[in-house]
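A quick write-up on the structure given underneath.
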Amino acid sequence: MSSPFYQLSAKDIKGQDFSFSQLEGKVVLIVNVASKCGFTPQYKGLQALYDKHKDNGLVILGFPCDQFGHQEPGGEEQIETFCTKNFGVSFPMMSKVEVNGGNTHPVYQFLKSEKKQMFMELIKWNFEKFLVDRSGNVVERFSSAGDPISHIEPKVAALL
């Protein structure tokens with residue numbers, strides 16, 4: 001039986017449908033991102049992680065979100081240009097979403113229900129990360145401070 005994870009979908013940064021069914025058999029790291037956050041330099045580590053492991057089945061999905069300190073004020077085109085120009089981001093970026101509250105995107109409803117942090121579903125800040133294994137199970141949730149290389153790469157490598 002297929003994981004409910006693979007029945008999810010989102011719009012990519014260009015507004016095109018992105019079905020999670022294409023992620024079956026991959027290890028997926030999902031991150032809520034922002035361009036004007038103290039954690040924004042993590043884009044560099046995320047890109048390095050992606051470059052190192054994409055050929056082995058890693059996919060990183062960036063979900064811009066403006067719910068924390070108005071740190072992602074731009075539109076999709078601005079976000080995409082910022083990420084490409086400043087960090088060389090080549091992993092898939094999604095359209096801006098809400099990760100908390102009444103308009104929480106279904107992807108984040110699912111992720112948060114699967115992996116609470118300190119007994120809470122609430123996303124606390126930008127750059128929280130969810131790691132999904134090759135079977136669509138949410139296996140780990142990392143706080144904003146979770147460095148992509150030192151904290152997350154060993155977990156990704158173990159799943160690949």
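Following the order of the structure tokens, first chain is A, next is B, and so on, with residues numbered from 1 inside each chain and ligands from 1 in the order they appear.
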
Q: Would you list the contacts of stretch 156-160 of chain A as a PyMOL selection string, taking every protein, DNA or RNA residue within 7 Å and counting only C-alpha atoms, but skipping same-chain residues closer than 5 positions in sequence?
A: chain A and resi 27+56-57+133

Same residues, C-alpha atoms, output as a PDB file, in the first residue's frame:
ATOM      1  CA  VAL A  27      14.556  10.272   0.210  1.00  0.00           C
ATOM      2  CA  ASN A  56      21.578   8.633  -5.114  1.00  0.00           C
ATOM      3  CA  GLY A  57      17.912   9.569  -4.745  1.00  0.00           C
ATOM      4  CA  ASP A 133      12.308   7.922   3.760  1.00  0.00           C
TER       5      ASP A 133
END

Q) DSSP says strand (DSSP E) for which residues of stretch 41-82 of chain A? Put them as a PyMOL selection string? A) chain A and resi 58-64

Q. Nearest to A:Pro92: which of A:Val59, A:Leu8, A:Val139, A:Cys65 is it, counting only C-alpha atoms?
A.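 Among A:Val59, A:Leu8, A:Val139, A:Cys65, it is A:Val59 that comes nearest to A:Pro92.
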
Q: Work out how far apart atom CA of A:Ala10 and atom CA of A:Val99 are and give it in Å to one decimal.
A: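 Rounded to one decimal, the two atoms are 12.8 Å apart.
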
Q | Given only C-alpha atoms as the counted atoms, nearest of A:Phe142, A:Pro4, A:Val107, A:Lys26 to A:Asp55 | A | A:Lys26

Q) Any idea what the distance is between atom CA of A:Lys129 and atom CA of A:Tyr6? A)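 Between atom CA of A:Lys129 and atom CA of A:Tyr6 the gap is 17.9 Å.
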
Q) Between A:Cys37, A:Gln78, A:Pro106, A:Pro148, which has the minimum distance to A:Ile60 (counting only C-alpha atoms)? A) A:Pro148

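If you look at atom CA of A:Leu58 and atom CA of A:Gly74, they are 27.6 Å away from each other.
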